[in-house]
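Engineer: Quick one, target_7.txt (compact mmCIF, C-alpha atoms and all ligand atoms):
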# COMPACT_ATOMS: atom_id res chain seq x y z
CA MET E 30 74.14 16.34 0.48
CA THR E 31 71.25 16.83 -1.93
CA GLU E 32 70.58 13.82 -4.09
CA ARG E 33 70.44 14.68 -7.77
CA LEU E 34 67.34 13.19 -9.31
CA GLY E 35 66.64 12.64 -12.99
CA SER E 36 64.93 10.32 -15.40
CA PRO E 37 65.35 6.56 -15.38
CA SER E 38 66.93 5.31 -18.62
CA THR E 39 64.22 2.73 -19.23
CA GLY E 40 61.96 2.76 -22.27
CA VAL E 41 58.46 4.22 -22.41
CA VAL E 42 55.46 3.04 -24.44
CA VAL E 43 53.39 6.00 -25.68
CA THR E 44 49.97 5.30 -27.18
CA GLY E 45 48.43 7.93 -29.43
CA GLY E 46 51.97 9.05 -30.19
CA ALA E 47 51.30 9.84 -33.83
CA SER E 48 49.65 13.15 -32.98
CA GLY E 49 48.99 15.90 -30.46
CA ILE E 50 49.70 15.23 -26.79
CA GLY E 51 51.04 11.70 -27.35
CA ARG E 52 53.54 12.87 -29.93
CA ALA E 53 54.67 15.75 -27.70
CA CYS E 54 55.15 13.26 -24.82
CA ALA E 55 57.28 10.95 -26.95
CA VAL E 56 59.51 13.82 -28.09
CA ALA E 57 59.80 15.26 -24.55
CA LEU E 58 60.89 11.85 -23.24
CA ALA E 59 63.37 11.35 -26.08
CA GLU E 60 64.85 14.77 -25.24
CA VAL E 61 65.94 13.40 -21.86
CA GLY E 62 67.31 10.21 -23.38
CA ARG E 63 64.47 7.78 -22.86
CA PRO E 64 63.84 5.14 -25.54
CA VAL E 65 60.25 5.36 -26.80
CA ALA E 66 57.77 3.07 -28.54
CA ILE E 67 54.94 4.76 -30.39
CA TRP E 68 51.70 2.79 -30.65
CA ASP E 69 48.96 4.34 -32.75
CA LEU E 70 46.14 3.46 -35.10
CA ASP E 71 47.97 5.70 -37.55
CA GLY E 72 51.04 3.61 -38.38
CA ASP E 73 52.61 6.22 -40.68
CA GLY E 74 52.20 8.92 -38.04
CA ALA E 75 53.72 6.62 -35.42
CA ALA E 76 56.69 5.98 -37.71
CA ALA E 77 57.18 9.73 -38.23
CA THR E 78 57.25 10.37 -34.47
CA ALA E 79 59.62 7.43 -33.93
CA GLN E 80 61.92 8.90 -36.59
CA GLN E 81 61.81 12.32 -34.88
CA CYS E 82 62.75 10.65 -31.57
CA ALA E 83 65.55 8.60 -33.16
CA GLU E 84 67.03 11.86 -34.48
CA LEU E 85 67.31 12.95 -30.83
CA GLY E 86 69.62 9.96 -30.29
CA VAL E 87 67.37 7.42 -28.57
CA LYS E 88 66.15 3.95 -29.53
CA SER E 89 62.66 4.19 -30.94
CA HIS E 90 60.04 1.83 -32.26
CA ALA E 91 56.74 2.37 -34.08
CA ALA E 92 53.76 0.03 -34.29
CA ALA E 93 50.33 0.31 -35.88
CA VAL E 94 48.17 -0.74 -32.94
CA ASP E 95 44.44 -0.35 -32.45
CA VAL E 96 44.35 -0.19 -28.66
CA SER E 97 40.70 -1.28 -28.63
CA GLU E 98 41.96 -4.75 -29.67
CA ARG E 99 43.17 -6.84 -26.76
CA ASP E 100 45.04 -9.36 -28.98
CA ARG E 101 46.90 -6.58 -30.76
CA ILE E 102 48.11 -5.14 -27.44
CA GLU E 103 49.23 -8.55 -26.19
CA ASN E 104 51.01 -9.40 -29.46
CA GLU E 105 52.88 -6.10 -29.67
CA ALA E 106 54.33 -6.23 -26.14
CA GLU E 107 57.22 -8.58 -26.95
CA PRO E 108 58.46 -6.81 -30.14
CA THR E 109 58.28 -3.50 -28.27
CA LEU E 110 60.31 -4.81 -25.34
CA THR E 111 62.87 -6.30 -27.70
CA ALA E 112 63.18 -3.00 -29.60
CA LEU E 113 63.55 -0.79 -26.52
CA GLY E 114 65.54 -3.17 -24.30
CA SER E 115 63.39 -2.32 -21.27
CA VAL E 116 60.06 -0.76 -20.38
CA GLY E 117 59.82 1.43 -17.28
CA GLY E 118 57.03 3.75 -18.32
CA ILE E 119 53.68 3.90 -20.08
CA VAL E 120 51.79 6.94 -21.35
CA HIS E 121 48.27 6.17 -22.52
CA ALA E 122 47.39 9.17 -24.69
CA ALA E 123 45.34 7.41 -27.40
CA GLY E 124 41.83 8.69 -27.09
CA MET E 125 38.61 9.46 -28.89
CA ALA E 126 35.48 11.48 -28.21
CA ARG E 127 32.01 11.05 -29.71
CA ARG E 128 29.22 13.61 -29.37
CA ALA E 129 25.83 12.38 -28.21
CA PHE E 130 23.93 15.65 -28.68
CA PRO E 131 20.90 15.81 -29.03
CA ALA E 132 20.64 12.23 -27.69
CA VAL E 133 21.45 11.90 -23.99
CA MET E 134 23.93 9.08 -24.57
CA ASP E 135 26.03 7.91 -27.51
CA VAL E 136 24.73 4.35 -27.36
CA ASP E 137 26.36 3.10 -30.58
CA THR E 138 29.88 4.31 -29.81
CA TRP E 139 29.85 3.78 -26.02
CA ASP E 140 31.78 0.49 -26.10
CA VAL E 141 34.59 1.63 -28.36
CA VAL E 142 35.11 4.92 -26.48
CA LEU E 143 35.40 3.00 -23.20
CA GLU E 144 37.70 0.43 -24.81
CA VAL E 145 40.09 3.00 -26.26
CA ASN E 146 40.12 5.60 -23.49
CA LEU E 147 39.89 3.34 -20.45
CA ARG E 148 40.22 -0.42 -20.92
CA ALA E 149 43.34 -0.10 -23.09
CA HIS E 150 45.27 1.56 -20.25
CA GLY E 151 44.47 -1.36 -17.97
CA LEU E 152 45.42 -3.93 -20.62
CA ILE E 153 48.71 -2.22 -21.45
CA VAL E 154 49.74 -1.92 -17.80
CA SER E 155 48.78 -5.60 -17.36
CA VAL E 156 50.96 -6.86 -20.20
CA PHE E 157 53.99 -4.90 -18.98
CA VAL E 158 53.47 -5.13 -15.21
CA GLU E 159 56.27 -7.61 -14.47
CA GLU E 160 58.71 -5.63 -16.58
CA LEU E 161 57.66 -2.40 -14.83
CA GLN E 162 58.15 -4.04 -11.42
CA ARG E 163 61.62 -5.26 -12.43
CA ASN E 164 62.82 -1.74 -13.26
CA PRO E 165 63.36 0.75 -10.42
CA GLY E 166 61.57 4.07 -10.86
CA SER E 167 58.84 2.75 -13.14
CA ALA E 168 55.68 4.82 -13.54
CA VAL E 169 52.58 4.97 -15.71
CA VAL E 170 50.51 7.98 -16.77
CA GLY E 171 46.98 8.00 -18.16
CA ILE E 172 45.97 11.10 -20.12
CA ALA E 173 42.53 11.78 -18.66
CA SER E 174 40.87 15.19 -19.05
CA ILE E 175 39.10 17.86 -17.05
CA GLU E 176 36.11 15.70 -18.14
CA GLY E 177 37.51 13.15 -15.66
CA LEU E 178 36.67 15.63 -12.89
CA ILE E 179 33.60 17.48 -14.17
CA GLY E 180 30.81 16.42 -16.52
CA HIS E 181 30.14 17.45 -20.13
CA GLY E 182 26.66 16.66 -21.38
CA ALA E 183 27.63 16.51 -25.07
CA VAL E 184 30.15 13.68 -24.58
CA PRO E 185 28.79 11.26 -21.97
CA SER E 186 30.88 8.20 -22.88
CA TYR E 187 34.03 10.34 -23.01
CA THR E 188 33.20 11.83 -19.61
CA ALA E 189 32.58 8.37 -18.15
CA SER E 190 35.79 6.98 -19.66
CA LYS E 191 37.92 9.79 -18.24
CA HIS E 192 36.35 9.52 -14.76
CA GLY E 193 37.06 5.79 -15.04
CA LEU E 194 40.66 6.40 -16.04
CA ILE E 195 41.24 8.39 -12.86
CA GLY E 196 39.63 5.58 -10.83
CA LEU E 197 41.80 2.98 -12.54
CA THR E 198 44.85 5.14 -11.84
CA ARG E 199 44.04 5.23 -8.12
CA ALA E 200 43.50 1.45 -8.10
CA PHE E 201 46.88 0.91 -9.78
CA ALA E 202 48.55 3.30 -7.33
CA HIS E 203 47.17 1.22 -4.46
CA ARG E 204 47.93 -2.13 -6.05
CA LEU E 205 51.41 -1.38 -7.40
CA GLY E 206 52.80 1.02 -4.81
CA ARG E 207 54.62 -1.61 -2.76
CA SER E 208 56.35 -2.91 -5.87
CA GLY E 209 57.67 0.57 -6.65
CA VAL E 210 55.48 1.36 -9.65
CA ARG E 211 53.76 4.75 -9.50
CA ALA E 212 50.50 5.50 -11.34
CA ASN E 213 49.16 8.97 -12.08
CA ALA E 214 46.69 10.71 -14.36
CA VAL E 215 47.00 14.06 -16.11
CA CYS E 216 43.86 16.10 -16.77
CA PRO E 217 44.37 18.51 -19.66
CA GLY E 218 41.96 21.35 -20.30
CA TYR E 219 41.84 22.85 -23.82
CA ILE E 220 44.91 21.84 -25.82
CA ALA E 221 45.57 22.92 -29.42
CA THR E 222 45.64 19.49 -31.10
CA PRO E 223 43.85 17.82 -34.03
CA MET E 224 41.25 16.54 -31.53
CA LEU E 225 40.14 20.00 -30.39
CA LEU E 226 40.95 22.43 -33.21
CA PRO E 227 38.45 21.05 -35.79
CA THR E 228 35.65 21.72 -33.27
CA LEU E 229 36.55 25.44 -33.28
CA THR E 230 35.82 26.29 -36.92
CA GLU E 231 32.92 28.71 -36.31
CA PRO E 232 34.13 32.34 -36.42
CA GLY E 233 34.93 33.49 -32.86
CA SER E 234 34.54 30.03 -31.29
CA ARG E 235 38.20 29.80 -30.26
CA GLU E 236 38.02 33.26 -28.68
CA ARG E 237 34.81 32.32 -26.81
CA LEU E 238 36.47 29.18 -25.46
CA GLU E 239 39.56 31.13 -24.44
CA GLN E 240 37.33 33.51 -22.45
CA THR E 241 36.43 30.58 -20.18
CA VAL E 242 40.11 29.95 -19.37
CA PRO E 243 41.54 32.06 -16.53
CA MET E 244 44.89 32.09 -18.35
CA GLY E 245 43.08 33.33 -21.47
CA ARG E 246 44.48 30.89 -24.01
CA LEU E 247 44.59 27.28 -25.21
CA ALA E 248 47.71 25.27 -24.32
CA GLU E 249 50.26 23.72 -26.63
CA PRO E 250 50.63 19.91 -26.32
CA GLU E 251 54.21 20.39 -25.09
CA GLU E 252 52.83 22.05 -21.92
CA VAL E 253 51.09 18.76 -21.07
CA ALA E 254 54.07 16.66 -22.16
CA ARG E 255 56.44 18.38 -19.72
CA VAL E 256 54.14 17.43 -16.83
CA VAL E 257 53.97 13.84 -18.07
CA ARG E 258 57.78 13.73 -18.31
CA PHE E 259 58.02 14.97 -14.73
CA LEU E 260 55.60 12.27 -13.52
CA LEU E 261 57.71 9.60 -15.25
CA SER E 262 60.93 10.93 -13.70
CA ASP E 263 62.53 10.38 -10.31
CA GLU E 264 61.67 14.02 -9.50
CA ALA E 265 58.14 12.68 -8.86
CA SER E 266 59.37 9.77 -6.73
CA TYR E 267 56.60 10.11 -4.08
CA VAL E 268 53.77 11.13 -6.41
CA THR E 269 51.28 8.36 -7.05
CA GLY E 270 47.51 8.14 -7.38
CA ALA E 271 47.31 11.81 -8.34
CA ALA E 272 45.17 13.46 -11.02
CA ILE E 273 47.21 16.50 -12.05
CA VAL E 274 45.20 19.26 -13.70
CA VAL E 275 46.85 21.11 -16.62
CA ASP E 276 44.02 23.43 -17.62
CA GLY E 277 45.07 27.07 -17.24
CA GLY E 278 42.67 27.37 -14.30
CA VAL E 279 39.42 26.19 -15.95
CA THR E 280 38.38 23.81 -13.17
CA ALA E 281 39.69 26.14 -10.45
CA ALA E 282 37.31 28.87 -11.60
CA GLY E 283 34.40 26.55 -12.43
CA GLY E 284 33.62 28.46 -15.62
CA GLN E 285 33.03 31.77 -13.81
CA GLN E 286 34.17 34.88 -15.65
CA LEU E 287 35.58 38.02 -14.07
CA PRO E 288 33.19 41.00 -14.39
CA GLU E 289 35.49 42.97 -16.69
CA LEU E 290 35.52 40.05 -19.17
CA THR E 291 31.76 39.65 -19.44
N1 LIG G 301 43.12 18.21 -27.03
C1 LIG G 301 42.49 18.45 -25.89
O1 LIG G 301 42.00 19.55 -25.66
C2 LIG G 301 42.40 17.36 -24.83
C3 LIG G 301 41.88 17.74 -23.58
C4 LIG G 301 41.79 16.78 -22.58
C5 LIG G 301 42.22 15.49 -22.82
N2 LIG G 301 42.70 15.15 -24.03
C6 LIG G 301 43.13 13.76 -24.20
O2 LIG G 301 44.46 13.71 -24.65
C7 LIG G 301 44.67 12.51 -25.38
C8 LIG G 301 45.36 12.86 -26.67
O3 LIG G 301 44.47 13.65 -27.46
P1 LIG G 301 44.98 14.74 -28.50
O4 LIG G 301 44.29 15.99 -28.19
O5 LIG G 301 46.47 14.70 -28.60
O6 LIG G 301 44.30 14.17 -29.83
P2 LIG G 301 44.90 13.75 -31.24
O7 LIG G 301 43.69 13.46 -32.06
O8 LIG G 301 45.89 14.74 -31.72
O9 LIG G 301 45.67 12.37 -30.91
C9 LIG G 301 45.00 11.21 -30.55
C10 LIG G 301 45.78 10.03 -31.11
O10 LIG G 301 45.16 8.83 -30.65
C11 LIG G 301 45.18 7.92 -31.72
N3 LIG G 301 44.13 6.93 -31.55
C12 LIG G 301 42.79 7.12 -31.55
N4 LIG G 301 42.15 5.94 -31.42
C13 LIG G 301 43.11 4.99 -31.33
C14 LIG G 301 43.08 3.58 -31.20
N5 LIG G 301 41.93 2.90 -31.17
N6 LIG G 301 44.26 2.91 -31.11
C15 LIG G 301 45.43 3.59 -31.18
N7 LIG G 301 45.52 4.91 -31.33
C16 LIG G 301 44.37 5.61 -31.41
C17 LIG G 301 44.93 8.78 -32.95
O11 LIG G 301 45.33 8.09 -34.14
C18 LIG G 301 45.78 9.99 -32.64
O12 LIG G 301 47.11 9.84 -33.13
C19 LIG G 301 43.29 11.87 -25.56
O13 LIG G 301 43.14 10.84 -24.62
C20 LIG G 301 42.34 13.00 -25.25
O14 LIG G 301 41.11 12.52 -24.75
C21 LIG G 301 42.82 16.05 -25.05
Would you mind giving the structure from this file in structure tokens?
Structural biologist:
Amino acid sequence: MTERLGSPSTGVVVTGGASGIGRACAVALAEVGRPVAIWDLDGDGAAATAQQCAELGVKSHAAAVDVSERDRIENEAEPTLTALGSVGGIVHAAGMARRAFPAVMDVDTWDVVLEVNLRAHGLIVSVFVEELQRNPGSAVVGIASIEGLIGHGAVPSYTASKHGLIGLTRAFAHRLGRSGVRANAVCPGYIATPMLLPTLTEPGSRERLEQTVPMGRLAEPEEVARVVRFLLSDEASYVTGAAIVVDGGVTAAGGQQLPELT
């Protein structure tokens, strides 16, 4: 008989859930009945997403959290657990990028980019690790980037942080596998969110970017969220330590364009 697999009913903490990919993840998880806690620098945005999730019939909780602050993460763990009843999943989608161009490295913002994009994921998993291990089917997902797999010279700290996030994911997969906690990363390409869209204001810049995508378009944040939801579900019960690319083929083609497009 085929076993029917689904989603655990445990709660999920989603950082960066006020906007873009994080918000889409929270809503996608609420759609399958998972309680969600939204942590974001933007407290009002977090509250709005939590309200949207509550309207789907799940417990939800919002907190204004700057994930670069270790104390704030540690202090918010208990209220979040109390609000959700359990935590069996983490999605670290909070992120920031700083351009270094024309300098070769963004010296002044290096620390904060690494703290937000990389260290925070480790701290959040650390504060919830015993709770994750208690709950069967627990899993964590770090939202990395194609910049976790290839380099981008304009955003060196971002590139380093996303490569690091994939490394941390593999370390967690190794460390936590025996206790039943899976750890994966998702590597989005070009997603239509408030992080990317303001960089495409020049006439024709969106079209030029889309030309570099084999699928010929940007993605909607929901297309990333559905992959995250899968990774947090029992459908992905043997998937751990993976970096799943969601990029419409950008890294597969390595930026090459077909002759008829050039
Ligand atoms: N949009 C893309 O094309 C793209 C591509 C690859 C990877 N990503 C990654 O996806 C993740 C989500 O990005 P997005 O595109 O949805 O951007 P977004 O700007 O829509 O959302 C990012 C969210 O993170 C929050 N945030 C930023 N710093 C924070 C901090 N210190 N503490 C708490 N919250 C903080 C912001 O308030 C915002 O709500 C990021 O990690 C980003 O690097 C995005």
Engineer: Looking at all atoms listed in the file, which of E:Val275, E:Val170, E:Leu261, E:Leu287 is the one that sits closest to Leu58 in chain E?
Structural biologist: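 Distance minimum relative to Leu58 in chain E lands on E:Leu261.
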Engineer: Identify which of the residues E:Ala202, E:Ala282, E:Leu85, E:Leu34 lies closest to Val56 in chain E, counting only C-alpha atoms when measuring atom-to-atom distances.
Structural biologist: E:Leu85
Engineer: Taking all atoms listed in the file into account, which residues are within 7 Å of ligand LIG 301 (chain G), as an MDAnalysis selection string?
Structural biologist: chainID E and resid 44:51 68:71 94:97 122:126 145:146 172:175 216:225
Engineer: Give me, as an mmCIF file with C-alpha atoms, keeping the file's coordinate frame, all polymer residues having an atom no more than 10 Å from Gln81 in chain E, counting all atoms listed in the file and skipping those fewer than 6 positions away in the same chain.
Structural biologist:
data_model
loop_
_atom_site.group_PDB
_atom_site.id
_atom_site.type_symbol
_atom_site.label_atom_id
_atom_site.label_comp_id
_atom_site.auth_asym_id
_atom_site.auth_seq_id
_atom_site.Cartn_x
_atom_site.Cartn_y
_atom_site.Cartn_z
ATOM 1 C CA ARG E 52 53.540 12.870 -29.930
ATOM 2 C CA ALA E 55 57.280 10.950 -26.950
ATOM 3 C CA VAL E 56 59.510 13.820 -28.090
ATOM 4 C CA ALA E 59 63.370 11.350 -26.080
ATOM 5 C CA ALA E 75 53.720 6.620 -35.420
ATOM 6 C CA VAL E 87 67.370 7.420 -28.570
ATOM 7 C CA SER E 89 62.660 4.190 -30.940
#
Engineer: Could you check which of E:Ala83, E:Leu194, E:Ala57, E:Leu161 is closest to Glu176 in chain E, using all atoms listed in the file?
Structural biologist: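 Among the listed residues, E:Leu194 lies closest to Glu176 in chain E.
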Engineer: May I ask which of the residues E:Val256, E:Ala212, E:Val120, E:Ala92 is the closest one to Ala149 in chain E, counting only C-alpha atoms?
Structural biologist: E:Val120
Engineer: Calculated over all atoms listed in the file, which of the candidates E:Gly278, E:Pro232, E:Gly118, E:Gly74 has the smallest distance to Arg163 in chain E?
Structural biologist: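 Residue with the minimum atom-to-atom distance to Arg163 in chain E: E:Gly118.
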Engineer: Here is a test: counting only C-alpha atoms, which residue of E:Thr109, E:Ser115, E:Thr230, E:Asn213 is nearest to Val169 in chain E?
Structural biologist: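 Of the candidates, the smallest distance to Val169 in chain E is held by E:Asn213.
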Engineer: If we count all atoms listed in the file and set the cut-off at 9 Å, which residues sit around Glu103 in chain E, ignoring sequence neighbours fewer than 3 positions away in its own chain? Please answer as an MDAnalysis selection string.
Structural biologist: chainID E and resid 98:100 106:107 152:153 156
Engineer: Take the residues just selected and output them with C-alpha atoms as a short mmCIF file (atom, residue, chain, number, x, y, z; two decimals), in the coordinates of the input.
Structural biologist:
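And here is the file that came out, out18.cif:
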data_model
loop_
_atom_site.label_atom_id
_atom_site.label_comp_id
_atom_site.auth_asym_id
_atom_site.auth_seq_id
_atom_site.Cartn_x
_atom_site.Cartn_y
_atom_site.Cartn_z
CA GLU E 98 41.96 -4.75 -29.67
CA ARG E 99 43.17 -6.84 -26.76
CA ASP E 100 45.04 -9.36 -28.98
CA ALA E 106 54.33 -6.23 -26.14
CA GLU E 107 57.22 -8.58 -26.95
CA LEU E 152 45.42 -3.93 -20.62
CA ILE E 153 48.71 -2.22 -21.45
CA VAL E 156 50.96 -6.86 -20.20
#
Engineer: Go ahead and find all residues with at least one atom no further than 10 Å from (29.9, 10.0, -28.2) in the file's coordinates, using only C-alpha atoms; report them as a PyMOL selection string.
Structural biologist: chain E and resi 125-130+132-142+183-188
Engineer: What is the distance between CA of Asn104 in chain E and CA of Phe157 in chain E, in Å to one decimal?
Structural biologist: 11.8 Å
Engineer: What is the CA of Ile67 in chain E-CA of Cys54 in chain E distance in Å, reported with one decimal?
Structural biologist: 10.2 Å
Engineer: Name all residues at most 12 Å from Gly206 in chain E (count only C-alpha atoms; drop same-chain ones fewer than 6 positions away) and give them as an NGL selection string.
Structural biologist: :E and (161-162 or 165-169 or 198-200 or 212-213 or 266-270)
Engineer: Got a sec: who's within 12 Å of Glu236 in chain E, counting all atoms listed in the file, leaving out chain neighbours fewer than 5 positions off, as a list in words?
Structural biologist: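 So, after excluding close chain neighbours, the residues are Leu229, Thr230, Glu231, Thr241, Val242, Gly245, Arg246, Leu247 and Leu290 of chain E.
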Engineer: Output the selection as a PDB file, in the frame of the given file - C-alpha atoms for each residue.
Structural biologist:
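Done, and the output landed in selection_18.pdb:
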ATOM      1  CA  LEU E 229      36.550  25.440 -33.280  1.00  0.00           C
ATOM      2  CA  THR E 230      35.820  26.290 -36.920  1.00  0.00           C
ATOM      3  CA  GLU E 231      32.920  28.710 -36.310  1.00  0.00           C
ATOM      4  CA  THR E 241      36.430  30.580 -20.180  1.00  0.00           C
ATOM      5  CA  VAL E 242      40.110  29.950 -19.370  1.00  0.00           C
ATOM      6  CA  GLY E 245      43.080  33.330 -21.470  1.00  0.00           C
ATOM      7  CA  ARG E 246      44.480  30.890 -24.010  1.00  0.00           C
ATOM      8  CA  LEU E 247      44.590  27.280 -25.210  1.00  0.00           C
ATOM      9  CA  LEU E 290      35.520  40.050 -19.170  1.00  0.00           C
TER      10      LEU E 290
END
Engineer: CA of Ser155 in chain E and CA of His203 in chain E are how many Å apart?
Structural biologist: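 Here the two named atoms are 14.7 Å from each other.
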Engineer: Using only C-alpha atoms, which residues sit within 9 Å of Met244 in chain E once same-chain residues fewer than 6 positions away are excluded, as a PyMOL selection string?
Structural biologist: chain E and resi 276-279
